[in-house]
Structure formats: C-alpha cells, structure tokens
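Coordinates from query.pdb are shown below (PDB, C-alpha atoms and all ligand atoms).
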```
ATOM      1  CA  MET X   1      21.794  -5.079  20.635
ATOM      2  CA  GLY X   2      21.886  -6.543  17.138
ATOM      3  CA  GLY X   3      19.631  -9.300  15.912
ATOM      4  CA  LEU X   4      15.971  -9.616  15.231
ATOM      5  CA  HIS X   5      13.456 -10.424  17.910
ATOM      6  CA  ILE X   6      10.001 -11.721  17.083
ATOM      7  CA  GLU X   7       8.154 -11.486  20.380
ATOM      8  CA  ASN X   8       4.858 -13.261  21.109
ATOM      9  CA  ILE X   9       3.322 -12.401  17.771
ATOM     10  CA  SER X  10      -0.345 -13.244  17.270
ATOM     11  CA  MET X  11      -2.427 -12.307  14.252
ATOM     12  CA  ARG X  12      -6.147 -12.684  13.940
ATOM     13  CA  PHE X  13      -8.009 -11.795  10.768
ATOM     14  CA  ASP X  14     -11.668 -10.962  11.323
ATOM     15  CA  LEU X  15     -13.730 -11.866   8.298
ATOM     16  CA  PRO X  16     -16.793 -10.019   6.975
ATOM     17  CA  ASN X  17     -19.043 -13.007   7.752
ATOM     18  CA  GLY X  18     -18.306 -12.698  11.463
ATOM     19  CA  SER X  19     -15.846 -15.587  11.688
ATOM     20  CA  HIS X  20     -12.096 -15.216  12.047
ATOM     21  CA  VAL X  21      -8.789 -16.852  11.190
ATOM     22  CA  GLN X  22      -6.117 -17.152  13.844
ATOM     23  CA  ALA X  23      -3.235 -16.890  11.368
ATOM     24  CA  LEU X  24      -0.536 -16.794  14.067
ATOM     25  CA  GLN X  25      -0.546 -17.584  17.752
ATOM     26  CA  ASP X  26       2.182 -16.544  20.128
ATOM     27  CA  VAL X  27       5.141 -16.906  17.775
ATOM     28  CA  SER X  28       8.524 -15.982  19.272
ATOM     29  CA  ILE X  29      11.866 -16.255  17.483
ATOM     30  CA  ASP X  30      15.221 -14.651  18.247
ATOM     31  CA  LEU X  31      17.638 -14.417  15.355
ATOM     32  CA  ARG X  32      21.208 -13.442  15.876
ATOM     33  CA  LYS X  33      22.871 -11.148  13.377
ATOM     34  CA  GLY X  34      24.103 -13.113  10.371
ATOM     35  CA  GLU X  35      21.911 -16.136  10.941
ATOM     36  CA  ILE X  36      20.104 -17.824   8.048
ATOM     37  CA  MET X  37      16.766 -19.405   8.904
ATOM     38  CA  SER X  38      14.291 -21.261   6.723
ATOM     39  CA  ILE X  39      10.586 -21.694   7.414
ATOM     40  CA  LEU X  40       8.498 -24.598   6.178
ATOM     41  CA  GLY X  41       4.908 -25.498   6.797
ATOM     42  CA  PRO X  42       1.673 -26.461   5.094
ATOM     43  CA  SER X  43      -0.232 -23.921   3.046
ATOM     44  CA  GLY X  44      -2.105 -21.456   5.235
ATOM     45  CA  CYS X  45       0.003 -21.893   8.387
ATOM     46  CA  GLY X  46       0.860 -18.194   8.490
ATOM     47  CA  LYS X  47       4.334 -18.030   6.900
ATOM     48  CA  THR X  48       3.625 -15.058   4.646
ATOM     49  CA  THR X  49       1.685 -13.335   7.409
ATOM     50  CA  LEU X  50       4.694 -13.668   9.713
ATOM     51  CA  LEU X  51       7.091 -12.321   7.088
ATOM     52  CA  ASN X  52       4.773  -9.395   6.330
ATOM     53  CA  ILE X  53       4.678  -8.533  10.020
ATOM     54  CA  VAL X  54       8.490  -8.637  10.253
ATOM     55  CA  ALA X  55       8.693  -6.473   7.112
ATOM     56  CA  GLY X  56       6.327  -3.985   8.743
ATOM     57  CA  PHE X  57       3.646  -4.312   6.048
ATOM     58  CA  LEU X  58       1.163  -5.673   8.587
ATOM     59  CA  ALA X  59       0.630  -4.761  12.247
ATOM     60  CA  PRO X  60       0.156  -7.818  14.484
ATOM     61  CA  THR X  61      -2.886  -8.191  16.716
ATOM     62  CA  SER X  62      -0.493  -8.599  19.639
ATOM     63  CA  GLY X  63       3.219  -8.924  20.233
ATOM     64  CA  GLN X  64       6.049  -6.968  18.666
ATOM     65  CA  ILE X  65       9.106  -7.121  16.431
ATOM     66  CA  ARG X  66      12.279  -5.609  17.843
ATOM     67  CA  MET X  67      15.318  -4.882  15.761
ATOM     68  CA  ASN X  68      18.504  -2.950  16.384
ATOM     69  CA  GLY X  69      17.074  -1.757  19.679
ATOM     70  CA  HIS X  70      13.771  -0.368  18.398
ATOM     71  CA  VAL X  71      10.241  -1.668  17.903
ATOM     72  CA  VAL X  72       9.204  -2.124  14.273
ATOM     73  CA  THR X  73       6.240   0.062  13.319
ATOM     74  CA  GLY X  74       6.427  -0.075   9.522
ATOM     75  CA  PRO X  75       8.634  -0.929   6.545
ATOM     76  CA  ALA X  76      12.239   0.334   6.588
ATOM     77  CA  ALA X  77      15.419  -0.147   4.572
ATOM     78  CA  GLU X  78      16.921  -2.254   7.396
ATOM     79  CA  ARG X  79      14.476  -5.034   6.407
ATOM     80  CA  GLY X  80      14.547  -5.931   2.703
ATOM     81  CA  MET X  81      12.057  -8.206   0.994
ATOM     82  CA  VAL X  82      12.444 -10.484  -2.029
ATOM     83  CA  PHE X  83       9.121 -11.737  -3.387
ATOM     84  CA  GLN X  84       8.364 -14.888  -5.343
ATOM     85  CA  LYS X  85       8.161 -13.070  -8.655
ATOM     86  CA  GLY X  86       6.888 -10.072 -10.507
ATOM     87  CA  ALA X  87       8.157  -7.462  -8.086
ATOM     88  CA  LEU X  88      10.546  -5.726 -10.489
ATOM     89  CA  PHE X  89       9.643  -2.443 -12.136
ATOM     90  CA  GLU X  90       8.884  -3.428 -15.720
ATOM     91  CA  TRP X  91       9.384   0.108 -17.036
ATOM     92  CA  MET X  92      12.939   0.357 -15.721
ATOM     93  CA  ASN X  93      15.985  -1.455 -17.020
ATOM     94  CA  VAL X  94      18.072  -3.798 -14.862
ATOM     95  CA  ARG X  95      20.433  -1.139 -13.531
ATOM     96  CA  GLU X  96      17.581   1.248 -12.726
ATOM     97  CA  ASN X  97      15.813  -1.512 -10.827
ATOM     98  CA  VAL X  98      18.919  -2.243  -8.779
ATOM     99  CA  ASP X  99      19.713   1.369  -7.955
ATOM    100  CA  PHE X 100      16.113   2.316  -7.186
ATOM    101  CA  GLY X 101      16.636   2.360  -3.410
ATOM    102  CA  PRO X 102      19.876   4.382  -3.488
ATOM    103  CA  ARG X 103      18.276   6.804  -5.990
ATOM    104  CA  MET X 104      15.313   7.345  -3.674
ATOM    105  CA  LYS X 105      17.774   8.109  -0.893
ATOM    106  CA  GLY X 106      19.336  10.799  -3.099
ATOM    107  CA  MET X 107      22.698   9.077  -3.403
ATOM    108  CA  PRO X 108      25.032  10.639  -6.027
ATOM    109  CA  LYS X 109      25.250   8.860  -9.377
ATOM    110  CA  ALA X 110      28.882   7.767  -9.071
ATOM    111  CA  GLU X 111      28.167   6.033  -5.777
ATOM    112  CA  ARG X 112      24.988   4.439  -7.132
ATOM    113  CA  ASP X 113      26.842   3.155 -10.163
ATOM    114  CA  GLU X 114      29.498   1.614  -7.952
ATOM    115  CA  ILE X 115      26.796  -0.219  -5.993
ATOM    116  CA  SER X 116      24.832  -1.478  -9.002
ATOM    117  CA  ASN X 117      28.007  -2.529 -10.848
ATOM    118  CA  ARG X 118      29.287  -4.448  -7.853
ATOM    119  CA  LEU X 119      25.970  -6.172  -7.113
ATOM    120  CA  LEU X 120      25.211  -7.065 -10.720
ATOM    121  CA  GLU X 121      28.680  -8.565 -10.915
ATOM    122  CA  THR X 122      27.979 -10.566  -7.740
ATOM    123  CA  VAL X 123      24.744 -12.021  -9.125
ATOM    124  CA  GLY X 124      26.346 -12.732 -12.505
ATOM    125  CA  LEU X 125      24.514 -10.102 -14.555
ATOM    126  CA  ARG X 126      27.299  -7.692 -15.366
ATOM    127  CA  ASP X 127      26.477  -7.708 -19.062
ATOM    128  CA  PHE X 128      22.753  -7.221 -18.574
ATOM    129  CA  LYS X 129      22.697  -3.770 -17.002
ATOM    130  CA  GLU X 130      20.883  -2.035 -19.798
ATOM    131  CA  LYS X 131      18.442  -4.847 -20.571
ATOM    132  CA  ALA X 132      14.724  -4.507 -20.025
ATOM    133  CA  VAL X 133      13.126  -6.758 -17.409
ATOM    134  CA  TYR X 134      11.106  -8.654 -20.024
ATOM    135  CA  GLU X 135      14.308  -9.662 -21.798
ATOM    136  CA  LEU X 136      15.434 -11.683 -18.782
ATOM    137  CA  SER X 137      14.614 -15.254 -17.816
ATOM    138  CA  GLY X 138      12.834 -15.954 -14.523
ATOM    139  CA  GLY X 139      16.097 -16.888 -12.816
ATOM    140  CA  MET X 140      17.786 -13.702 -14.016
ATOM    141  CA  GLN X 141      14.855 -11.633 -12.785
ATOM    142  CA  GLN X 142      15.185 -13.170  -9.332
ATOM    143  CA  ARG X 143      18.893 -12.328  -9.367
ATOM    144  CA  VAL X 144      17.992  -8.723 -10.147
ATOM    145  CA  ALA X 145      15.488  -8.825  -7.281
ATOM    146  CA  LEU X 146      18.249 -10.040  -4.944
ATOM    147  CA  ALA X 147      20.634  -7.329  -6.152
ATOM    148  CA  ARG X 148      17.944  -4.677  -5.750
ATOM    149  CA  CYS X 149      17.312  -5.817  -2.196
ATOM    150  CA  LEU X 150      21.042  -5.787  -1.376
ATOM    151  CA  ALA X 151      21.446  -2.292  -2.864
ATOM    152  CA  ASN X 152      19.514  -0.937   0.124
ATOM    153  CA  ASP X 153      22.049  -2.603   2.394
ATOM    154  CA  PRO X 154      19.422  -4.150   4.688
ATOM    155  CA  ASP X 155      20.400  -5.909   7.914
ATOM    156  CA  VAL X 156      17.763  -8.554   7.320
ATOM    157  CA  ILE X 157      16.680 -10.100   4.030
ATOM    158  CA  LEU X 158      13.176 -11.568   4.006
ATOM    159  CA  MET X 159      12.372 -13.991   1.222
ATOM    160  CA  ASP X 160       8.934 -15.455   0.540
ATOM    161  CA  GLU X 161       9.327 -18.425  -1.822
ATOM    162  CA  PRO X 162      11.957 -16.501  -3.813
ATOM    163  CA  LEU X 163      12.877 -19.503  -5.945
ATOM    164  CA  GLY X 164       9.441 -21.121  -6.138
ATOM    165  CA  ALA X 165       8.760 -20.155  -9.747
ATOM    166  CA  LEU X 166      12.069 -21.420 -11.152
ATOM    167  CA  ASP X 167      12.889 -24.667 -12.943
ATOM    168  CA  ALA X 168      14.849 -27.254 -10.955
ATOM    169  CA  LEU X 169      18.277 -26.529 -12.423
ATOM    170  CA  THR X 170      18.041 -22.752 -12.127
ATOM    171  CA  ARG X 171      16.674 -23.179  -8.645
ATOM    172  CA  GLU X 172      19.678 -25.203  -7.563
ATOM    173  CA  LYS X 173      22.058 -22.571  -8.915
ATOM    174  CA  MET X 174      20.127 -19.863  -7.118
ATOM    175  CA  GLN X 175      20.294 -21.790  -3.849
ATOM    176  CA  GLY X 176      24.065 -21.721  -4.196
ATOM    177  CA  LEU X 177      23.918 -17.988  -4.869
ATOM    178  CA  VAL X 178      21.783 -17.345  -1.791
ATOM    179  CA  LEU X 179      24.333 -19.204   0.355
ATOM    180  CA  LYS X 180      27.201 -17.295  -1.213
ATOM    181  CA  LEU X 181      25.519 -13.938  -0.645
ATOM    182  CA  TRP X 182      24.642 -14.881   2.915
ATOM    183  CA  LYS X 183      28.270 -15.762   3.701
ATOM    184  CA  GLU X 184      29.795 -12.817   1.855
ATOM    185  CA  THR X 185      27.497 -10.138   3.206
ATOM    186  CA  GLY X 186      26.909 -11.450   6.736
ATOM    187  CA  LYS X 187      23.234 -10.497   6.465
ATOM    188  CA  THR X 188      20.511 -12.108   8.528
ATOM    189  CA  VAL X 189      18.214 -14.097   6.243
ATOM    190  CA  ILE X 190      14.718 -15.538   6.681
ATOM    191  CA  LEU X 191      13.585 -17.692   3.795
ATOM    192  CA  ILE X 192      10.166 -19.270   3.339
ATOM    193  CA  THR X 193       9.922 -22.272   1.080
ATOM    194  CA  HIS X 194       7.638 -25.191   0.257
ATOM    195  CA  SER X 195      10.615 -27.360  -0.602
ATOM    196  CA  VAL X 196      11.927 -29.493   2.252
ATOM    197  CA  GLU X 197      15.288 -29.891   0.512
ATOM    198  CA  GLU X 198      15.628 -26.156   0.049
ATOM    199  CA  ALA X 199      14.757 -25.531   3.694
ATOM    200  CA  LEU X 200      17.426 -28.037   4.747
ATOM    201  CA  LEU X 201      20.044 -26.509   2.458
ATOM    202  CA  LEU X 202      19.334 -22.874   3.273
ATOM    203  CA  GLY X 203      18.658 -22.968   6.987
ATOM    204  CA  GLU X 204      21.210 -23.110   9.757
ATOM    205  CA  ARG X 205      17.987 -23.079  11.644
ATOM    206  CA  LEU X 206      14.814 -24.574  10.207
ATOM    207  CA  LEU X 207      11.370 -23.907  11.627
ATOM    208  CA  VAL X 208       8.449 -26.140  10.825
ATOM    209  CA  MET X 209       5.173 -24.318  11.373
ATOM    210  CA  ALA X 210       1.765 -25.874  11.998
ATOM    211  CA  PRO X 211      -1.609 -24.392  11.044
ATOM    212  CA  ARG X 212      -4.788 -23.319  12.868
ATOM    213  CA  PRO X 213      -3.567 -21.555  14.744
ATOM    214  CA  GLY X 214      -0.290 -20.819  12.955
ATOM    215  CA  ARG X 215       2.537 -21.643  15.348
ATOM    216  CA  ILE X 216       6.030 -23.067  15.561
ATOM    217  CA  HIS X 217       5.817 -26.838  15.595
ATOM    218  CA  LYS X 218       9.448 -27.867  15.600
ATOM    219  CA  GLU X 219      12.865 -26.318  15.290
ATOM    220  CA  TYR X 220      16.047 -27.843  13.873
ATOM    221  CA  ARG X 221      19.667 -26.688  13.962
ATOM    222  CA  LEU X 222      21.391 -27.935  10.830
ATOM    223  CA  PRO X 223      24.914 -28.124   9.418
ATOM    224  CA  PHE X 224      23.954 -28.129   5.711
ATOM    225  CA  ALA X 225      23.935 -24.379   4.962
ATOM    226  CA  GLU X 226      27.461 -24.093   6.308
ATOM    227  CA  ARG X 227      28.522 -27.177   4.325
ATOM    228  CA  GLY X 228      26.914 -25.720   1.187
ATOM    229  CA  VAL X 229      29.034 -22.580   1.247
ATOM    230  CA  ASP X 230      32.142 -24.388  -0.001
ATOM    231  CA  ASN X 231      30.672 -27.582  -1.424
ATOM    232  CA  ASP X 232      28.513 -28.646  -4.309
ATOM    233  CA  LEU X 233      24.891 -28.727  -3.112
ATOM    234  CA  ARG X 234      24.416 -32.176  -4.667
ATOM    235  CA  GLU X 235      27.174 -33.458  -2.429
ATOM    236  CA  VAL X 236      25.619 -31.763   0.579
ATOM    237  CA  LYS X 237      22.359 -33.575  -0.157
ATOM    238  CA  LYS X 238      24.251 -36.854   0.007
ATOM    239  CA  SER X 239      25.993 -35.923   3.232
ATOM    240  CA  GLU X 240      25.381 -37.412   6.627
ATOM    241  CA  GLY X 241      21.987 -36.755   8.153
ATOM    242  CA  PHE X 242      20.442 -35.012   5.143
ATOM    243  CA  ALA X 243      18.192 -37.808   3.854
ATOM    244  CA  GLU X 244      17.060 -38.822   7.349
ATOM    245  CA  THR X 245      16.098 -35.289   8.322
ATOM    246  CA  ARG X 246      14.330 -34.785   4.999
ATOM    247  CA  GLU X 247      12.215 -37.913   5.552
ATOM    248  CA  GLU X 248      11.392 -36.930   9.111
ATOM    249  CA  ILE X 249      10.189 -33.480   8.065
ATOM    250  CA  LEU X 250       8.282 -34.783   5.038
ATOM    251  CA  SER X 251       6.331 -37.195   7.244
ATOM    252  CA  MET X 252       5.645 -34.411   9.709
ATOM    253  CA  ILE X 253       4.218 -32.140   7.018
ATOM    254  CA  TRP X 254       2.238 -34.955   5.424
ATOM    255  CA  GLU X 255       0.561 -35.667   8.742
ATOM    256  CA  MET X 256      -0.362 -32.025   9.125
ATOM    257  CA  GLU X 257      -1.755 -31.817   5.597
ATOM    258  CA  GLU X 258      -3.890 -34.899   6.215
ATOM    259  CA  GLU X 259      -5.179 -33.439   9.426
ATOM    260  CA  ILE X 260      -6.109 -30.190   7.687
ATOM    261  CA  MET X 261      -8.004 -31.901   4.898
ATOM    262  CA  GLY X 262     -11.684 -31.864   5.619
ATOM    263  CA  ARG X 263     -11.422 -29.135   8.223
ATOM    264  CA  SER X 264     -13.120 -25.814   7.525
ATOM    265  CA  GLU X 265     -11.032 -22.749   6.622
ATOM    266  CA  THR X 266     -12.138 -20.674   9.572
ATOM    267  CA  ALA X 267     -12.855 -20.998  13.246
ATOM    268  CA  ALA X 268     -16.179 -19.833  14.640
TER     269      ALA X 268
HETATM  270  N1  LIG K   1      -5.719 -10.316   4.711
HETATM  271  C1  LIG K   1      -6.267 -11.453   5.152
HETATM  272  N2  LIG K   1      -7.559 -11.520   5.501
HETATM  273  C2  LIG K   1      -8.099 -12.661   5.969
HETATM  274  N3  LIG K   1      -7.427 -13.814   6.113
HETATM  275  C3  LIG K   1      -6.134 -13.818   5.774
HETATM  276  C4  LIG K   1      -5.462 -12.648   5.268
HETATM  277  N4  LIG K   1      -4.173 -12.963   5.013
HETATM  278  C5  LIG K   1      -4.025 -14.261   5.346
HETATM  279  N5  LIG K   1      -5.187 -14.783   5.803
HETATM  280  C6  LIG K   1      -5.411 -16.148   6.301
HETATM  281  O1  LIG K   1      -4.402 -16.419   7.269
HETATM  282  C7  LIG K   1      -3.919 -17.749   7.137
HETATM  283  C8  LIG K   1      -2.412 -17.701   6.893
HETATM  284  O2  LIG K   1      -2.159 -17.167   5.599
HETATM  285  P1  LIG K   1      -0.689 -17.029   4.991
HETATM  286  O3  LIG K   1      -0.823 -16.394   3.671
HETATM  287  O4  LIG K   1       0.176 -16.361   5.988
HETATM  288  O5  LIG K   1      -0.268 -18.562   4.859
HETATM  289  P2  LIG K   1       1.046 -19.208   4.212
HETATM  290  O6  LIG K   1       1.616 -20.110   5.252
HETATM  291  O7  LIG K   1       1.914 -18.151   3.655
HETATM  292  O8  LIG K   1       0.417 -20.103   3.043
HETATM  293  P3  LIG K   1       1.049 -20.502   1.605
HETATM  294  O9  LIG K   1       2.025 -21.589   1.908
HETATM  295  O10 LIG K   1      -0.129 -21.009   0.846
HETATM  296  O11 LIG K   1       1.659 -19.278   1.009
HETATM  297  C9  LIG K   1      -4.702 -18.382   6.011
HETATM  298  O12 LIG K   1      -5.775 -19.121   6.562
HETATM  299  C10 LIG K   1      -5.216 -17.194   5.215
HETATM  300  O13 LIG K   1      -6.420 -17.502   4.584
HETATM  301 MG    MG K   2       2.587 -17.681   1.701
END
```

Encoding of this model in structure tokens:
Amino acid sequence: MGGLHIENISMRFDLPNGSHVQALQDVSIDLRKGEIMSILGPSGCGKTTLLNIVAGFLAPTSGQIRMNGHVVTGPAAERGMVFQKGALFEWMNVRENVDFGPRMKGMPKAERDEISNRLLETVGLRDFKEKAVYELSGGMQQRVALARCLANDPDVILMDEPLGALDALTREKMQGLVLKLWKETGKTVILITHSVEEALLLGERLLVMAPRPGRIHKEYRLPFAERGVDNDLREVKKSEGFAETREEILSMIWEMEEEIMGRSETAA
C-alpha cells in the first residue's frame, strides 16, 4: 500500500518544572501518493512537532506513522525534509550539496553527476554548480535545498516554512517551482506555512490546526494547486473561491490567536 498514514499521533513534552505541553493530540491524516497538502495554524499548535515525527526525528508519545507498508521508527531517505533556511553545508559547493545523499549511498560519479545536473537544471541553477553556498541569494539556496532533497528520490517531501525567509517576489516564483516539481515528480508533499495565501496555492488539501492541545481544526479540499500548475499564480489568486476561502481561514486563525493571548504556555 502506498501513501502516508499518520495514525492517532499524540505528543506530550514533559518540562523540567513538572508541567507539560500537549503539543499534539490524536492527530490522524491519510495522504495518498502524489498528494500535496499544506498545514496552517497559529504559532505553537504543533506543526513542526508533527513534521518532525513524520520525518522520524522525534518519537511520538502515542500513535504511529505508517508508510509503504512499514511503521516509521527513524529518519530514512523515503522521507526528505526541506528546512526554512540554513540547512545547506556551507563548506561544500552547490553540486556537492545536491549530490550529498547519492554520494553517501556510494553511487558512482557518472550517475551522481547525471542526477545533480538534471536537478540543478530543473531548479534553474545549471550555471551555479561550482559556486559556494555563500555566493547564492536566499532564494537560490532554497532551490539548492529542494534539489538536494530530490536527489535522494524521497517518496514524501516534508517542508517546514521553506519559503518563509524569502522576499515576496522570490517567494511567488518559488511557489510556482514547488507546484511544478510536485506535478513533474509525482511526489507526496506536506508543506507548513504561516501564509494563508501560500497554503491555499500549495495545498490540494489544507489543514488548519488549533493549539493546546495541537489538533486538526478544519480541513479543506481545494482546486488552486491544480489550477496553479498551468496558470500564473496571480491569476489563480483572482480565481473563483480564492478570496472567500482566504478570508474565512484568516478569521478562523485570528480567533484562535485572540483566544491564545493571555493564556499560559503550559498546562498543569
Ligand atoms: N522539545 C520540546 N520541549 C518542550 N516543549 C516543546 C518542544 N518542542 C516543542 N515544544 C512545545 O510544543 C508546542 C508545539 O511546538 P511546535 O514547534 O511544534 O509549534 P509550531 O506550530 O511549529 O509553531 P511555529 O508556528 O511557531 O513554528 C509549543 O508549545 C512548544 O513550546
Ligand atoms: Mg514550527
């Protein structure tokens, strides 16, 4: 069975002062292969915790992640992660960053070169192979991060605010690139974002999470990611239903933020 199954995940962090945080409570999500899903929610609602559990970096207090017929017990190449920023190896050039995974697997050079050439072409960095990381802009670095993730040929790509540090124009271009890569590669994608517009554009499915305890508050099925594959994203934003859904979700998140304000960080 393909797909990714997040089954009744709960995560409780016990703090040194004796209190605890219920970061996630009974979260279940089934993703079919090739689905792109975005996750929105106020700060502290458990988005990163959930992604870290799916990646295998964190073991949940209860529940399990199932993928390709097995239970996830740790990180593996089948689940690739793209972080917000700063996750490239500064001491390696662009090509070495991209072919890091294949090199670790012991893949022969000719094959590795084919992969890094193809992926750097895809993300528009063909002429930057030998550049150092510090010579690249933030947007270029995130493209390298995407290429590096794809070089491991994961089934699922996990992205935690991957475009959060970029300026508006670069961000929009990158959103188009994420859609293109999703369509071309057929990978399953989970993308966390603080931007409602981005979540609408990059989620066939959009989950809104609520905090304390972190849980799924509402789920949408949306046509915009599919529309964005062949259309200008500005046009998609003007298309039917976009503005209404954006307003609905914004109000929802505002209400949650207001409710959180004034409440203490932890439960007794
Ligand atoms: N290692 C940890 N130890 C204790 N508490 C933690 C730990 N990691 C996360 N938390 C708590 O769990 C809750 C969820 O955190 P998480 O980082 O998953 O939120 P988030 O939704 O990603 O927030 P943001 O939007 O700000 O990135 C928060 O209250 C946080 O303080
Ligand atoms: Mg986070």

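With distances taken over all atoms listed in the file, X:Met159 is the one residue among X:Ile216, X:Met159, X:Met107, X:Val144 lying closest to ligand MG 2 (chain K).
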
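Residues lying within 8 Å of segment 229-246 of chain X, counting all atoms listed in the file and ignoring same-chain neighbours fewer than 4 positions away, are Glu172, Gly176, Leu179, Lys180, Lys183, Val196, Glu197, Leu200, Leu201, Phe224, Ala225 and Leu250 of chain X.
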
For ligand LIG 1 (chain K), take all atoms listed in the file, fit an axis-aligned box around them, add 3 Å to each of the six sides, then output centre and edge lengths in Å rounded to one decimal, as JSON.
```
{"center_x": -3.0, "center_y": -16.0, "center_z": 4.1, "size_x": 16.1, "size_y": 17.3, "size_z": 12.4}
```

>> How would you report the residues lying within 7 Å of ligand LIG 1 (chain K), as number ranges by chain, if you count all atoms listed in the file?
In response: X: 13-15, 21-23, 41-50, 194, 265

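Distances to ligand MG 2 (chain K) were evaluated for X:Glu219, X:Glu258, X:Asp167, X:Asp160 using all atoms listed in the file, and the minimum falls at X:Asp160.
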
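Every residue within 8 Å of the file position (10.4, -18.6, 16.6), judged by all atoms listed in the file, is given as Ile6, Val27, Ser28, Ile29, Asp30, Leu207 and Ile216 of chain X.
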
>> Under the rule that only C-alpha atoms are counted, which of X:Pro102, X:Gly74, X:Pro60, X:Gly186 is the nearest residue to Val156 of chain X?
In response: X:Gly186

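Between atom CA of Leu146 of chain X and atom CA of Val123 of chain X lies a distance of 8.0 Å.
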
Taking the file as I've supplied it (selection: the PyMOL selection byres (((chain X and resi 65) around 8) and not hetatm)), which residues are included? Please answer as a PDB file with C-alpha atoms, in the coordinates of the input.
```pdb
ATOM      1  CA  LEU X   4      15.971  -9.616  15.231  1.00  0.00           C
ATOM      2  CA  HIS X   5      13.456 -10.424  17.910  1.00  0.00           C
ATOM      3  CA  ILE X   6      10.001 -11.721  17.083  1.00  0.00           C
ATOM      4  CA  GLU X   7       8.154 -11.486  20.380  1.00  0.00           C
ATOM      5  CA  ILE X   9       3.322 -12.401  17.771  1.00  0.00           C
ATOM      6  CA  ILE X  53       4.678  -8.533  10.020  1.00  0.00           C
ATOM      7  CA  VAL X  54       8.490  -8.637  10.253  1.00  0.00           C
ATOM      8  CA  GLY X  63       3.219  -8.924  20.233  1.00  0.00           C
ATOM      9  CA  GLN X  64       6.049  -6.968  18.666  1.00  0.00           C
ATOM     10  CA  ARG X  66      12.279  -5.609  17.843  1.00  0.00           C
ATOM     11  CA  MET X  67      15.318  -4.882  15.761  1.00  0.00           C
ATOM     12  CA  VAL X  71      10.241  -1.668  17.903  1.00  0.00           C
ATOM     13  CA  VAL X  72       9.204  -2.124  14.273  1.00  0.00           C
TER      14      VAL X  72
END
```

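Shortest separation to ligand MG 2 (chain K) among X:Leu166, X:Met11, X:Ile192, X:Leu181 occurs at residue X:Ile192, atoms counted being all atoms listed in the file.
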
> Can you tell me how far atom CA of Ile115 of chain X sits from atom CA of Thr185 of chain X, in Å to one decimal?
Replying inline: 13.5 Å

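You can rank X:Gly69, X:Gly139, X:Gly34, X:Pro16 by their closest distance to Arg205 of chain X using only C-alpha atoms, and at the top of that list sits X:Gly34.
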
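Under the PyMOL selection byres (((chain X and resi 91) around 8) and not hetatm), the matching residues in the shown file are Phe89, Glu90, Met92, Asn93, Ala132 and Val133 of chain X.
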
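Distance annotation: of X:Glu111, X:Glu257, X:Glu130, X:Asp155, the residue with the minimal separation from Asn68 of chain X is X:Asp155; atom set is all atoms listed in the file.
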
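If you count all atoms listed in the file and ignore residues fewer than 5 places along the chain from Gln25 of chain X, what sits within 6 Å of it is Ser10, Pro213, Gly214 and Arg215 of chain X.
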
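Rounded to one decimal, atom CA of Phe83 of chain X and atom CA of Pro162 of chain X lie 5.6 Å from each other.
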
>> Report as a ChimeraX atom specification all protein, DNA and RNA residues lying within 10 Å of Asp113 of chain X, evaluated on all atoms listed in the file, omitting residues in the same chain fewer than 3 positions from it.
In response: /X:95-96,98-99,102,107-110,116-119

>> Could you list, as a ChimeraX atom specification, every residue matched by the PyMOL selection byres (((chain X and resi 79) around 10) and not hetatm) in this structure?
In response: /X:54-56,67,72,74-78,80-81,149,152-158,188-189

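Contact shell of Ala165 of chain X at 8 Å (all atoms listed in the file; same-chain neighbours under 5 positions omitted): Gln84, Lys85 and Gly138 of chain X.
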
Write out as a PDB file with C-alpha atoms, in the frame of the given file each polymer residue whose atoms come within 9 Å of Leu88 of chain X, counting all atoms listed in the file; drop sequence neighbours fewer than 5 positions from it.
```
ATOM      1  CA  VAL X  94      18.072  -3.798 -14.862  1.00  0.00           C
ATOM      2  CA  ASN X  97      15.813  -1.512 -10.827  1.00  0.00           C
ATOM      3  CA  VAL X 133      13.126  -6.758 -17.409  1.00  0.00           C
ATOM      4  CA  GLN X 141      14.855 -11.633 -12.785  1.00  0.00           C
ATOM      5  CA  GLN X 142      15.185 -13.170  -9.332  1.00  0.00           C
ATOM      6  CA  VAL X 144      17.992  -8.723 -10.147  1.00  0.00           C
ATOM      7  CA  ALA X 145      15.488  -8.825  -7.281  1.00  0.00           C
ATOM      8  CA  ARG X 148      17.944  -4.677  -5.750  1.00  0.00           C
TER       9      ARG X 148
END
```
